[in-house]
file upload_36.csv (CSV, C-alpha atoms)
chain,number,residue,atom,x,y,z
A,1332,MET,CA,-10.8,-35.0,-38.0
A,1333,ILE,CA,-12.3,-35.1,-34.6
A,1334,GLU,CA,-15.7,-33.5,-34.7
A,1335,THR,CA,-17.5,-34.6,-31.6
A,1336,THR,CA,-17.0,-33.9,-27.9
A,1337,ALA,CA,-16.9,-37.6,-27.1
A,1338,GLU,CA,-14.1,-38.2,-29.6
A,1339,LEU,CA,-12.2,-35.2,-28.3
A,1340,ALA,CA,-12.5,-36.4,-24.7
A,1341,ALA,CA,-11.1,-39.9,-25.7
A,1342,ALA,CA,-8.2,-38.4,-27.6
A,1343,CYS,CA,-7.3,-36.0,-24.7
A,1344,LYS,CA,-7.4,-38.9,-22.3
A,1345,SER,CA,-4.9,-40.8,-24.4
A,1346,LEU,CA,-2.7,-37.8,-24.8
A,1347,ALA,CA,-2.7,-37.2,-21.1
A,1348,GLU,CA,-1.0,-40.6,-20.5
A,1349,GLY,CA,2.2,-39.4,-22.1
A,1350,GLN,CA,4.9,-37.3,-20.6
A,1351,TYR,CA,4.6,-34.7,-23.4
A,1352,LEU,CA,2.4,-33.7,-26.3
A,1353,THR,CA,3.1,-31.5,-29.3
A,1354,ILE,CA,0.5,-28.9,-30.3
A,1355,ASP,CA,-0.1,-26.4,-33.0
A,1356,THR,CA,-3.2,-24.4,-34.1
A,1357,GLU,CA,-4.4,-23.0,-37.4
A,1358,PHE,CA,-6.3,-19.7,-37.2
A,1359,LEU,CA,-7.4,-16.7,-39.1
A,1360,ARG,CA,-7.2,-13.1,-37.9
A,1361,GLU,CA,-7.0,-10.9,-41.0
A,1362,THR,CA,-10.5,-9.5,-40.5
A,1363,THR,CA,-11.0,-9.9,-36.8
A,1364,PHE,CA,-9.4,-8.7,-33.5
A,1365,TRP,CA,-9.6,-12.0,-31.8
A,1366,PRO,CA,-8.1,-15.0,-33.8
A,1367,GLN,CA,-10.6,-17.4,-35.2
A,1368,LEU,CA,-9.5,-20.9,-34.2
A,1369,CYS,CA,-9.9,-23.3,-37.2
A,1370,LEU,CA,-7.9,-26.4,-36.3
A,1371,ILE,CA,-6.1,-27.9,-33.4
A,1372,GLN,CA,-3.3,-30.4,-34.1
A,1373,MET,CA,-1.9,-32.6,-31.3
A,1374,ALA,CA,0.5,-35.5,-31.0
A,1375,GLY,CA,1.8,-37.7,-28.2
A,1376,PRO,CA,4.5,-40.4,-28.5
A,1377,ASP,CA,2.0,-42.9,-30.1
A,1378,ILE,CA,-0.9,-40.8,-31.2
A,1379,ALA,CA,-1.6,-37.8,-33.5
A,1380,VAL,CA,-5.0,-36.1,-34.0
A,1381,ILE,CA,-6.6,-33.1,-35.7
A,1382,VAL,CA,-9.6,-31.4,-33.9
A,1383,ASP,CA,-12.2,-29.4,-35.8
A,1384,PRO,CA,-13.1,-26.6,-33.3
A,1385,LEU,CA,-15.7,-25.3,-35.9
A,1386,ALA,CA,-17.7,-28.6,-35.8
A,1387,LYS,CA,-21.3,-28.1,-34.8
A,1388,ASP,CA,-21.9,-28.5,-31.0
A,1389,ILE,CA,-18.3,-29.6,-30.2
A,1390,ASP,CA,-17.3,-28.6,-26.6
A,1391,LEU,CA,-13.6,-27.9,-26.2
A,1392,THR,CA,-13.6,-28.4,-22.5
A,1393,PRO,CA,-11.6,-31.7,-22.7
A,1394,PHE,CA,-8.9,-29.8,-24.6
A,1395,PHE,CA,-8.7,-27.0,-22.1
A,1396,GLU,CA,-8.5,-29.6,-19.3
A,1397,LEU,CA,-5.6,-31.2,-21.1
A,1398,MET,CA,-3.8,-27.8,-21.4
A,1399,ALA,CA,-4.2,-27.3,-17.6
A,1400,ASP,CA,-2.8,-30.8,-16.8
A,1401,THR,CA,0.6,-30.0,-15.2
A,1402,SER,CA,1.8,-33.6,-15.6
A,1403,VAL,CA,2.1,-33.3,-19.4
A,1404,ILE,CA,4.6,-31.0,-21.1
A,1405,LYS,CA,3.0,-29.0,-23.9
A,1406,VAL,CA,5.5,-28.6,-26.8
A,1407,PHE,CA,5.0,-25.6,-29.2
A,1408,HIS,CA,7.0,-24.0,-31.9
A,1409,ALA,CA,6.8,-20.2,-31.6
A,1410,ALA,CA,4.2,-20.5,-28.9
A,1411,ARG,CA,3.0,-17.0,-28.3
A,1412,GLN,CA,0.1,-16.9,-30.7
A,1413,ASP,CA,-1.1,-20.4,-29.9
A,1414,ILE,CA,-1.1,-19.6,-26.2
A,1415,GLU,CA,-2.9,-16.3,-26.9
A,1416,ILE,CA,-5.7,-18.3,-28.5
A,1417,ILE,CA,-5.9,-20.8,-25.7
A,1418,TYR,CA,-5.9,-18.0,-23.1
A,1419,ASN,CA,-8.7,-16.0,-24.9
A,1420,LEU,CA,-10.9,-19.0,-25.4
A,1421,GLY,CA,-10.2,-21.1,-22.3
A,1422,LYS,CA,-9.0,-18.4,-19.8
A,1423,LEU,CA,-5.9,-20.4,-18.9
A,1424,ILE,CA,-2.3,-20.6,-19.9
A,1425,PRO,CA,-0.9,-24.1,-20.6
A,1426,HIS,CA,1.7,-25.3,-18.1
A,1427,PRO,CA,4.4,-26.5,-18.3
A,1428,ILE,CA,5.4,-25.6,-21.8
A,1429,PHE,CA,8.5,-26.1,-24.1
A,1430,ASP,CA,9.0,-23.7,-27.1
A,1431,THR,CA,11.2,-25.4,-29.7
A,1432,GLN,CA,12.0,-22.0,-31.4
A,1433,VAL,CA,13.4,-20.6,-28.1
A,1434,ALA,CA,15.2,-23.9,-27.3
A,1435,ALA,CA,16.7,-23.9,-30.8
A,1436,MET,CA,18.1,-20.4,-30.1
A,1437,VAL,CA,19.6,-21.6,-26.9
A,1438,CYS,CA,21.1,-24.6,-28.7
A,1439,GLY,CA,22.7,-22.5,-31.5
A,1440,PHE,CA,20.3,-23.0,-34.4
A,1441,GLY,CA,20.2,-19.2,-35.1
A,1442,ASP,CA,17.8,-16.4,-34.4
A,1443,SER,CA,14.1,-17.2,-34.7
A,1444,VAL,CA,14.6,-20.4,-36.7
A,1445,SER,CA,11.5,-21.5,-38.5
A,1446,TYR,CA,9.8,-24.9,-38.0
A,1447,ASP,CA,10.6,-26.3,-41.4
A,1448,GLN,CA,14.2,-25.2,-41.1
A,1449,LEU,CA,14.4,-27.1,-37.8
A,1450,VAL,CA,12.8,-30.2,-39.2
A,1451,SER,CA,15.2,-30.1,-42.2
A,1452,ARG,CA,18.3,-29.7,-40.0
A,1453,ILE,CA,17.4,-32.2,-37.3
A,1454,LYS,CA,15.5,-34.8,-39.3
A,1455,GLY,CA,16.6,-34.2,-42.9
A,1456,VAL,CA,13.0,-34.0,-44.0
A,1457,HIS,CA,11.6,-31.4,-46.4
A,1458,ILE,CA,8.1,-30.1,-45.6
A,1459,ASP,CA,5.9,-29.2,-48.5
A,1460,LYS,CA,4.7,-25.7,-47.8
A,1461,SER,CA,2.3,-25.4,-50.7
A,1462,SER,CA,-0.7,-25.6,-48.3
A,1463,ARG,CA,0.7,-22.9,-46.0
A,1464,PHE,CA,-1.7,-20.2,-47.0
A,1465,THR,CA,-4.8,-22.3,-46.8
A,1466,ASP,CA,-8.1,-20.7,-45.7
A,1467,TRP,CA,-8.4,-23.1,-42.7
A,1468,SER,CA,-12.0,-22.0,-42.0
A,1469,ARG,CA,-13.3,-23.6,-45.2
A,1470,ARG,CA,-14.7,-27.1,-45.2
A,1471,PRO,CA,-14.1,-29.7,-46.3
A,1472,LEU,CA,-10.3,-29.6,-46.2
A,1473,SER,CA,-8.3,-31.8,-48.6
A,1474,ASP,CA,-6.2,-34.7,-47.5
A,1475,LYS,CA,-3.1,-32.7,-48.6
A,1476,GLN,CA,-4.1,-29.8,-46.3
A,1477,LEU,CA,-4.8,-32.2,-43.4
A,1478,ASP,CA,-1.4,-33.9,-44.0
A,1479,TYR,CA,0.3,-30.5,-43.9
A,1480,ALA,CA,-1.4,-29.5,-40.7
A,1481,LEU,CA,-0.6,-32.8,-39.0
A,1482,ALA,CA,3.1,-32.6,-40.0
A,1483,ASP,CA,3.3,-29.5,-37.8
A,1484,VAL,CA,3.1,-31.7,-34.7
A,1485,THR,CA,4.3,-35.2,-35.8
A,1486,HIS,CA,7.8,-33.9,-36.8
A,1487,LEU,CA,7.8,-31.7,-33.7
A,1488,ARG,CA,8.0,-34.8,-31.5
A,1489,ASP,CA,11.5,-35.6,-32.9
A,1490,VAL,CA,12.5,-31.9,-32.8
A,1491,TYR,CA,11.5,-31.7,-29.1
A,1492,LEU,CA,13.4,-34.9,-28.1
A,1493,HIS,CA,16.5,-33.7,-29.9
A,1494,LEU,CA,16.5,-30.3,-28.4
A,1495,LYS,CA,15.7,-31.6,-24.9
A,1496,THR,CA,18.7,-33.9,-25.1
A,1497,GLU,CA,20.9,-31.1,-26.3
A,1498,LEU,CA,19.8,-28.8,-23.4
A,1499,GLU,CA,20.4,-31.5,-20.9
A,1500,ARG,CA,23.8,-32.4,-22.3
A,1501,GLU,CA,24.9,-28.7,-22.3
A,1502,GLY,CA,23.4,-28.1,-18.9
A,1503,ARG,CA,21.1,-25.4,-20.3
A,1504,SER,CA,17.7,-26.6,-19.3
A,1505,LEU,CA,17.4,-23.9,-16.6
A,1506,TRP,CA,18.0,-21.3,-19.3
A,1507,LEU,CA,14.9,-22.4,-21.2
A,1508,THR,CA,12.9,-22.5,-17.9
A,1509,GLU,CA,13.5,-18.8,-17.4
A,1510,GLU,CA,12.4,-18.0,-21.0
A,1511,MET,CA,9.2,-20.1,-20.6
A,1512,ALA,CA,8.2,-18.2,-17.5
A,1513,ILE,CA,7.7,-15.1,-19.7
A,1514,LEU,CA,5.5,-17.1,-22.1
A,1515,GLU,CA,3.5,-18.5,-19.2
A,1516,ALA,CA,2.9,-15.1,-17.6
A,1517,LYS,CA,-0.7,-13.8,-17.8
A,1518,GLU,CA,0.5,-10.3,-18.4
A,1519,THR,CA,2.0,-11.4,-21.7
A,1520,TYR,CA,-1.5,-11.9,-23.1
A,1521,ASP,CA,-3.9,-9.9,-20.9
A,1522,ILE,CA,-3.0,-6.3,-22.1
A,1523,HIS,CA,-5.3,-3.7,-20.5
A,1524,PRO,CA,-6.8,-1.2,-23.1
A,1525,ASP,CA,-5.3,1.7,-21.1
A,1526,ASP,CA,-1.8,0.3,-21.9
A,1527,ALA,CA,-2.5,-0.1,-25.6
A,1528,TRP,CA,-0.5,3.1,-26.4
A,1529,GLN,CA,2.7,1.2,-25.4
A,1530,ARG,CA,2.4,-0.8,-28.7
A,1531,LEU,CA,3.1,2.4,-30.6
A,1532,LYS,CA,6.4,4.0,-31.4
A,1533,MET,CA,7.0,7.1,-29.4
A,1534,ARG,CA,6.9,10.1,-31.8
A,1535,LEU,CA,5.6,12.7,-29.4
A,1536,LYS,CA,7.4,15.3,-27.4
A,1537,LYS,CA,4.8,17.0,-25.2
A,1538,PRO,CA,2.9,15.5,-22.1
A,1539,VAL,CA,-0.5,16.7,-23.5
A,1540,GLU,CA,0.2,14.9,-26.8
A,1541,LEU,CA,1.0,11.7,-24.9
A,1542,ALA,CA,-2.1,12.1,-22.7
A,1543,VAL,CA,-4.3,12.4,-25.9
A,1544,LEU,CA,-2.6,9.4,-27.5
A,1545,GLN,CA,-3.2,7.3,-24.4
A,1546,LYS,CA,-6.9,8.2,-24.3
A,1547,VAL,CA,-7.6,7.7,-28.0
A,1548,ALA,CA,-5.5,4.5,-28.2
A,1549,ALA,CA,-7.5,3.0,-25.2
A,1550,TRP,CA,-10.8,4.0,-27.0
A,1551,ARG,CA,-9.6,2.3,-30.2
A,1552,GLU,CA,-8.6,-0.9,-28.3
A,1553,ARG,CA,-11.9,-1.2,-26.6
A,1554,GLU,CA,-13.8,-0.5,-29.8
A,1555,ALA,CA,-11.8,-3.1,-31.7
A,1556,ARG,CA,-12.3,-5.7,-29.1
A,1557,ASN,CA,-16.0,-5.0,-28.8
A,1558,ARG,CA,-16.6,-5.1,-32.6
A,1559,ASN,CA,-14.0,-7.9,-33.1
A,1560,VAL,CA,-12.2,-6.1,-35.9
A,1561,PRO,CA,-8.5,-5.3,-36.4
A,1562,ARG,CA,-7.4,-2.0,-34.7
A,1563,GLY,CA,-6.6,-0.5,-38.1
A,1564,ARG,CA,-10.2,-1.0,-39.2
A,1565,ILE,CA,-11.2,1.4,-36.4
A,1566,LEU,CA,-8.5,4.0,-36.8
A,1567,LYS,CA,-5.0,3.6,-38.3
A,1568,ASP,CA,-1.9,4.4,-36.2
A,1569,ASP,CA,-1.2,7.6,-38.3
A,1570,GLY,CA,-4.7,8.8,-37.2
A,1571,LEU,CA,-3.7,8.4,-33.6
A,1572,TYR,CA,-0.6,10.4,-34.0
A,1573,GLU,CA,-2.3,13.2,-35.9
A,1574,ILE,CA,-5.1,13.5,-33.3
A,1575,ALA,CA,-2.5,13.5,-30.5
A,1576,GLN,CA,-0.5,16.3,-32.2
A,1577,GLN,CA,-3.5,18.4,-33.4
A,1578,GLN,CA,-5.8,17.8,-30.5
A,1579,PRO,CA,-9.1,18.7,-32.2
A,1580,LYS,CA,-11.7,20.0,-29.7
A,1581,ASP,CA,-14.8,19.9,-31.8
A,1582,ALA,CA,-16.2,18.3,-34.9
A,1583,GLU,CA,-15.1,21.0,-37.3
A,1584,ALA,CA,-11.4,20.7,-36.1
A,1585,LEU,CA,-11.7,16.9,-36.4
A,1586,SER,CA,-13.0,17.1,-39.9
A,1587,ARG,CA,-9.9,19.0,-41.0
A,1588,LEU,CA,-7.5,16.2,-40.1
A,1589,ARG,CA,-6.0,14.4,-43.1
A,1590,THR,CA,-6.3,10.9,-41.6
A,1591,ILE,CA,-10.0,11.2,-40.7
A,1592,PRO,CA,-12.5,10.0,-43.3
A,1593,LYS,CA,-14.9,12.5,-44.6
A,1594,GLY,CA,-18.1,12.7,-42.5
A,1595,TRP,CA,-16.5,10.7,-39.7
A,1596,GLU,CA,-16.6,13.7,-37.3
A,1597,ARG,CA,-20.4,13.4,-37.2
A,1598,SER,CA,-20.4,9.7,-36.3
A,1599,ALA,CA,-20.5,8.1,-32.8
A,1600,SER,CA,-16.8,7.3,-33.2
A,1601,GLY,CA,-16.0,10.9,-33.9
A,1602,THR,CA,-17.9,11.9,-30.8
A,1603,ALA,CA,-16.0,9.4,-28.7
A,1604,ILE,CA,-12.7,10.6,-30.0
A,1605,LEU,CA,-13.6,14.2,-29.2
A,1606,GLU,CA,-14.6,13.2,-25.7
A,1607,ALA,CA,-11.2,11.4,-25.2
A,1608,VAL,CA,-9.3,14.4,-26.6
A,1609,ASN,CA,-11.0,16.9,-24.3
A,1610,ALA,CA,-10.7,14.6,-21.3
A,1611,ALA,CA,-6.9,14.5,-21.9
A,1612,ILE,CA,-6.6,18.2,-22.5
A,1613,GLU,CA,-8.5,19.1,-19.3
A,1614,MET,CA,-6.2,16.9,-17.1
A,1615,PRO,CA,-4.3,18.9,-14.5
A,1616,LYS,CA,-0.7,19.4,-15.4
A,1617,ALA,CA,0.4,17.4,-12.4
A,1618,ASP,CA,-1.5,14.3,-13.7
A,1619,MET,CA,-0.1,14.5,-17.3
A,1620,PRO,CA,2.0,11.6,-18.3
A,1621,LYS,CA,5.7,12.1,-18.6
A,1622,VAL,CA,7.1,11.6,-22.1
A,1623,PRO,CA,9.9,9.0,-22.0
A,1624,ARG,CA,13.2,10.8,-22.5
A,1625,GLN,CA,16.2,9.0,-24.0
A,1626,SER,CA,19.1,9.5,-21.6
A,1627,GLN,CA,22.1,11.3,-23.1
A,1628,SER,CA,24.8,8.8,-23.8
A,1629,PRO,CA,28.2,9.7,-22.5
A,1630,GLU,CA,30.9,10.4,-25.0
A,1631,GLY,CA,32.3,7.2,-26.5
A,1632,ALA,CA,29.2,5.1,-25.6
A,1633,GLN,CA,28.4,4.5,-29.3
A,1634,ALA,CA,31.9,3.1,-30.0
A,1635,ALA,CA,31.6,1.0,-26.8
A,1636,SER,CA,28.3,-0.3,-28.0
A,1637,GLU,CA,29.9,-1.4,-31.2
A,1638,MET,CA,32.7,-3.2,-29.3
A,1639,LEU,CA,30.0,-5.0,-27.2
A,1640,LYS,CA,28.4,-6.2,-30.4
A,1641,VAL,CA,31.7,-7.8,-31.4
A,1642,LEU,CA,32.0,-9.4,-28.0
A,1643,LEU,CA,28.4,-10.7,-28.2
A,1644,LYS,CA,29.0,-12.3,-31.6
A,1645,LEU,CA,32.2,-13.8,-30.3
A,1646,ILE,CA,30.6,-15.3,-27.2
A,1647,ALA,CA,27.5,-16.5,-29.1
A,1648,GLU,CA,29.5,-18.3,-31.6
A,1649,LYS,CA,31.8,-19.9,-29.0
A,1650,GLN,CA,28.9,-21.0,-26.8
A,1651,GLY,CA,26.6,-22.1,-29.7
A,1652,VAL,CA,23.8,-19.7,-28.7
A,1653,ALA,CA,21.9,-17.3,-30.9
A,1654,ALA,CA,23.1,-13.8,-30.1
A,1655,LYS,CA,19.5,-12.5,-30.2
A,1656,ILE,CA,18.4,-14.4,-27.2
A,1657,ILE,CA,21.4,-13.2,-25.1
A,1658,ALA,CA,21.1,-9.4,-25.8
A,1659,ASN,CA,19.6,-6.9,-28.3
A,1660,SER,CA,21.0,-3.6,-29.5
A,1661,GLU,CA,19.1,-1.6,-26.8
A,1662,ASP,CA,20.7,-3.9,-24.1
A,1663,LEU,CA,24.2,-3.2,-25.5
A,1664,GLU,CA,23.6,0.6,-25.8
A,1665,ARG,CA,22.4,0.8,-22.2
A,1666,ILE,CA,25.3,-1.3,-20.9
A,1667,ALA,CA,27.7,1.0,-22.7
A,1668,ALA,CA,26.0,4.1,-21.3
A,1669,GLU,CA,25.0,3.0,-17.8
A,1670,GLY,CA,27.4,0.1,-17.0
A,1671,PRO,CA,26.3,-2.2,-14.1
A,1672,LYS,CA,23.3,0.0,-13.4
A,1673,ALA,CA,21.6,-0.9,-16.7
A,1674,ASP,CA,18.4,-2.7,-16.0
A,1675,VAL,CA,18.5,-5.1,-18.9
A,1676,GLY,CA,18.1,-8.9,-19.4
A,1677,ALA,CA,21.7,-9.3,-20.5
A,1678,LEU,CA,22.8,-8.5,-16.9
A,1679,LYS,CA,20.5,-11.0,-15.3
A,1680,GLY,CA,20.4,-14.7,-14.7
A,1681,TRP,CA,22.2,-17.0,-17.1
A,1682,ARG,CA,22.8,-14.2,-19.6
A,1683,ARG,CA,24.9,-12.3,-17.1
A,1684,GLU,CA,27.0,-15.4,-16.4
A,1685,LEU,CA,27.4,-16.1,-20.1
A,1686,PHE,CA,27.9,-12.5,-21.4
A,1687,GLY,CA,27.1,-9.8,-19.0
A,1688,GLU,CA,30.0,-10.1,-16.7
A,1689,THR,CA,32.5,-10.1,-19.6
A,1690,ALA,CA,30.7,-7.1,-21.1
A,1691,LEU,CA,31.1,-5.1,-18.0
A,1692,LYS,CA,34.8,-6.0,-17.8
A,1693,LEU,CA,35.2,-4.9,-21.4
A,1694,ILE,CA,33.7,-1.4,-20.8
A,1695,ASN,CA,35.8,-1.2,-17.6
A,1696,GLY,CA,39.0,-1.9,-19.4
A,1697,GLU,CA,39.5,-5.3,-17.7
A,1698,VAL,CA,39.0,-7.3,-20.9
A,1699,ALA,CA,40.4,-6.5,-24.4
A,1700,LEU,CA,39.5,-7.7,-27.9
A,1701,ARG,CA,42.4,-8.6,-30.1
A,1702,PHE,CA,42.8,-10.0,-33.6
A,1703,VAL,CA,44.9,-13.2,-33.8
A,1704,ASP,CA,45.3,-15.5,-36.8
A,1705,ARG,CA,42.4,-13.9,-38.5
A,1706,LYS,CA,40.2,-14.4,-35.5
A,1707,ILE,CA,38.8,-12.2,-32.8
A,1708,GLU,CA,39.4,-13.2,-29.2
A,1709,ALA,CA,38.7,-11.7,-25.7
A,1710,VAL,CA,41.6,-11.6,-23.2
A,1711,GLU,CA,41.6,-10.5,-19.6
A,1712,LEU,CA,44.1,-7.7,-18.9

call {"tool": "encode", "arguments": {"input": "upload_36.csv", "output": "structure tokens"}}
result
Amino acid sequence: MIETTAELAAACKSLAEGQYLTIDTEFLRETTFWPQLCLIQMAGPDIAVIVDPLAKDIDLTPFFELMADTSVIKVFHAARQDIEIIYNLGKLIPHPIFDTQVAAMVCGFGDSVSYDQLVSRIKGVHIDKSSRFTDWSRRPLSDKQLDYALADVTHLRDVYLHLKTELEREGRSLWLTEEMAILEAKETYDIHPDDAWQRLKMRLKKPVELAVLQKVAAWREREARNRNVPRGRILKDDGLYEIAQQQPKDAEALSRLRTIPKGWERSASGTAILEAVNAAIEMPKADMPKVPRQSQSPEGAQAASEMLKVLLKLIAEKQGVAAKIIANSEDLERIAAEGPKADVGALKGWRRELFGETALKLINGEVALRFVDRKIEAVEL
């Protein structure tokens, strides 16, 4: 393993000479809010390295400079968590990037295909996953563990080259570029604490309940970040909902809540929660947040949504694209209910060309589905 800044700088210099590099990270986050980076694996066309970010006095600046080098394509598989780590530690987002999981969906390998499945299908190689649940923070790591970690980027080279060729052959490279723009957006990783409530399922019906939820969720987010512990260690989601619905104004009321540990109402956290609750309750009605309302679907929209699902599967199979990357159930329900006014991804860009236009024709009665020779087909009327 690379354990010094000088070795890292030399490796990054060599990797920067290639047109692409594959990258993966190993991390722990079961007991922390921020992921603890334990290993960095990288490979270029002729080099493969493992970096120990836990080594004493190692400076990761050469690595972050490599991630910022726009002349080198950074290839990940399921990139979001790896990029989140790089963004949190280096305050940058790698560019340009290529996510093989997304590319595989565009190339028809199914929904959210795993790395070992891709390697098996493209290279015919079986990856030994017995080291999958290693505690990557422990040292020393065995040769078997290091071999497993390195395989995450060495096989990825061939997977990348295969998928890149497929995308170019099918004329779908631009489709992937649109998807990578989301992964490269700062907003994907830099979520403001005041927006933390949006991670939660909406179970509330009153504006004041939502106001309390927003305030308490923002407090929990800041507390978790500052103490570097998982959100649930501060307060579980059920606690947020109960506080939002019961709106305790004082310590006695807080102590009666089922989800609040005994004695917690007298702690600094209890005081902070009560301040958040009272601040929400005292908001003028005009400033209260509006509870998202689900629009009433017109009669027949549910049946139309089911027909759209059939059309989606039909087009996905015919075009060799994973249905999940074209549209989800919510997209289909909104298209069925709102038609061309639906603000969904399935009616934008390449998805509209591939599926959206035909979907609109279906709900307008301009396209029909019929069963012929034990197969479904779409025909224009």

call {"tool": "atom_distance", "arguments": {"input": "upload_36.csv", "atom1": "atom CA of A:Val1380", "atom2": "atom CA of A:Arg1469"}}
result
18.7 Å

call {"tool": "closest_residue", "arguments": {"input": "upload_36.csv", "among": "A:Ala1399, A:Leu1477, A:Val1543, A:Val1406", "to": "A:Lys1422", "atoms": "all atoms listed in the file"}}
result
A:Ala1399

call {"tool": "closest_residue", "arguments": {"input": "upload_36.csv", "among": "A:Asn1557, A:Asp1388, A:Leu1397, A:Val1456", "to": "A:Ala1341", "atoms": "all atoms listed in the file"}}
result
A:Leu1397

call {"tool": "residues_around", "arguments": {"input": "upload_36.csv", "residues": "stretch 1512-1521 of chain A", "least_positions_apart": "5", "cutoff": "7 Å", "atoms": "all atoms listed in the file", "output": "number ranges by chain"}}
result
A: 1411, 1415, 1424

call {"tool": "residues_around", "arguments": {"input": "upload_36.csv", "residues": "A:Ser1504", "least_positions_apart": "4", "cutoff": "12 Å", "atoms": "all atoms listed in the file", "output": "MDAnalysis selection string"}}
result
chainID A and resid 1429 1433:1435 1437:1438 1494:1500 1508:1511 1681

call {"tool": "closest_atom_pairs", "arguments": {"input": "upload_36.csv", "of": "stretch 1603-1660 of chain A", "to": "stretch 1440-1448 of chain A", "cutoff": "12 Å", "atoms": "all atoms listed in the file", "output": "JSON lines"}}
result
{"residue": "A:Lys1644", "atom": "CA", "partner": "A:Gly1441", "partner_atom": "CA", "distance": 11.7}
{"residue": "A:Ala1647", "atom": "CA", "partner": "A:Gly1441", "partner_atom": "CA", "distance": 9.8}
{"residue": "A:Glu1648", "atom": "CA", "partner": "A:Gly1441", "partner_atom": "CA", "distance": 10.0}
{"residue": "A:Gln1650", "atom": "CA", "partner": "A:Phe1440", "partner_atom": "CA", "distance": 11.6}
{"residue": "A:Gly1651", "atom": "CA", "partner": "A:Phe1440", "partner_atom": "CA", "distance": 7.9}
{"residue": "A:Val1652", "atom": "CA", "partner": "A:Gly1441", "partner_atom": "CA", "distance": 7.4}
{"residue": "A:Ala1653", "atom": "CA", "partner": "A:Gly1441", "partner_atom": "CA", "distance": 4.9}
{"residue": "A:Ala1654", "atom": "CA", "partner": "A:Asp1442", "partner_atom": "CA", "distance": 7.3}
{"residue": "A:Lys1655", "atom": "CA", "partner": "A:Asp1442", "partner_atom": "CA", "distance": 6.0}
{"residue": "A:Ile1656", "atom": "CA", "partner": "A:Asp1442", "partner_atom": "CA", "distance": 7.5}
{"residue": "A:Ile1657", "atom": "CA", "partner": "A:Asp1442", "partner_atom": "CA", "distance": 10.5}
{"residue": "A:Ala1658", "atom": "CA", "partner": "A:Asp1442", "partner_atom": "CA", "distance": 11.6}
{"residue": "A:Asn1659", "atom": "CA", "partner": "A:Asp1442", "partner_atom": "CA", "distance": 11.4}

call {"tool": "write_last_selection", "arguments": {"input": "upload_36.csv", "atoms": "C-alpha atoms", "output": "mmCIF file, in the coordinates of the input"}}
result
data_model
loop_
_atom_site.group_PDB
_atom_site.id
_atom_site.type_symbol
_atom_site.label_atom_id
_atom_site.label_comp_id
_atom_site.auth_asym_id
_atom_site.auth_seq_id
_atom_site.Cartn_x
_atom_site.Cartn_y
_atom_site.Cartn_z
ATOM 1 C CA LYS A 1644 29.000 -12.300 -31.600
ATOM 2 C CA ALA A 1647 27.500 -16.500 -29.100
ATOM 3 C CA GLU A 1648 29.500 -18.300 -31.600
ATOM 4 C CA GLN A 1650 28.900 -21.000 -26.800
ATOM 5 C CA GLY A 1651 26.600 -22.100 -29.700
ATOM 6 C CA VAL A 1652 23.800 -19.700 -28.700
ATOM 7 C CA ALA A 1653 21.900 -17.300 -30.900
ATOM 8 C CA ALA A 1654 23.100 -13.800 -30.100
ATOM 9 C CA LYS A 1655 19.500 -12.500 -30.200
ATOM 10 C CA ILE A 1656 18.400 -14.400 -27.200
ATOM 11 C CA ILE A 1657 21.400 -13.200 -25.100
ATOM 12 C CA ALA A 1658 21.100 -9.400 -25.800
ATOM 13 C CA ASN A 1659 19.600 -6.900 -28.300
#

call {"tool": "atom_distance", "arguments": {"input": "upload_36.csv", "atom1": "atom CA of A:Leu1492", "atom2": "atom CA of A:Met1373"}}
result
15.8 Å

call {"tool": "closest_residue", "arguments": {"input": "upload_36.csv", "among": "A:Ala1599, A:Ile1707, A:Ala1340, A:Ala1611", "to": "A:Thr1392", "atoms": "all atoms listed in the file"}}
result
A:Ala1340

call {"tool": "residues_around", "arguments": {"input": "upload_36.csv", "residues": "stretch 1563-1579 of chain A", "least_positions_apart": "4", "cutoff": "10 Å", "atoms": "all atoms listed in the file", "output": "PyMOL selection string"}}
result
chain A and resi 1362-1364+1528+1531-1537+1539-1548+1550-1552+1554-1555+1558-1559+1583-1592+1600+1604-1605+1607-1609+1611-1612

call {"tool": "atom_distance", "arguments": {"input": "upload_36.csv", "atom1": "atom CA of A:Tyr1418", "atom2": "atom CA of A:Met1398"}}
result
10.2 Å

call {"tool": "closest_residue", "arguments": {"input": "upload_36.csv", "among": "A:Gly1594, A:Pro1524, A:Pro1538, A:Gly1502", "to": "A:Arg1562", "atoms": "only C-alpha atoms"}}
result
A:Pro1524

call {"tool": "residues_near_point", "arguments": {"input": "upload_36.csv", "point": "(-12.3, -25.2, -40.3)", "cutoff": "7 Å", "atoms": "all atoms listed in the file", "output": "list in words"}}
result
Cys1369, Leu1370, Asp1383, Leu1385, Trp1467, Ser1468, Arg1469 and Arg1470 of chain A

call {"tool": "closest_residue", "arguments": {"input": "upload_36.csv", "among": "A:Ile1416, A:Ala1549, A:Ile1354, A:Ala1409", "to": "A:Ala1527", "atoms": "only C-alpha atoms"}}
result
A:Ala1549

call {"tool": "closest_residue", "arguments": {"input": "upload_36.csv", "among": "A:Lys1679, A:Arg1360, A:Arg1597, A:Lys1649", "to": "A:Ala1582", "atoms": "only C-alpha atoms"}}
result
A:Arg1597

call {"tool": "decode", "arguments": {"input": "upload_36.csv", "residues": "stretch 1392-1400 of chain A", "atoms": "C-alpha atoms", "output": "mmCIF file, in the first residue's frame"}}
result
data_model
loop_
_atom_site.group_PDB
_atom_site.id
_atom_site.type_symbol
_atom_site.label_atom_id
_atom_site.label_comp_id
_atom_site.auth_asym_id
_atom_site.auth_seq_id
_atom_site.Cartn_x
_atom_site.Cartn_y
_atom_site.Cartn_z
ATOM 1 C CA THR A 1392 -3.494 16.685 -1.888
ATOM 2 C CA PRO A 1393 -2.021 14.838 -4.931
ATOM 3 C CA PHE A 1394 -5.103 12.618 -5.000
ATOM 4 C CA PHE A 1395 -7.490 15.588 -4.918
ATOM 5 C CA GLU A 1396 -5.479 17.303 -7.653
ATOM 6 C CA LEU A 1397 -5.856 14.178 -9.775
ATOM 7 C CA MET A 1398 -9.608 14.170 -9.160
ATOM 8 C CA ALA A 1399 -9.725 17.780 -10.375
ATOM 9 C CA ASP A 1400 -7.730 17.013 -13.550
#
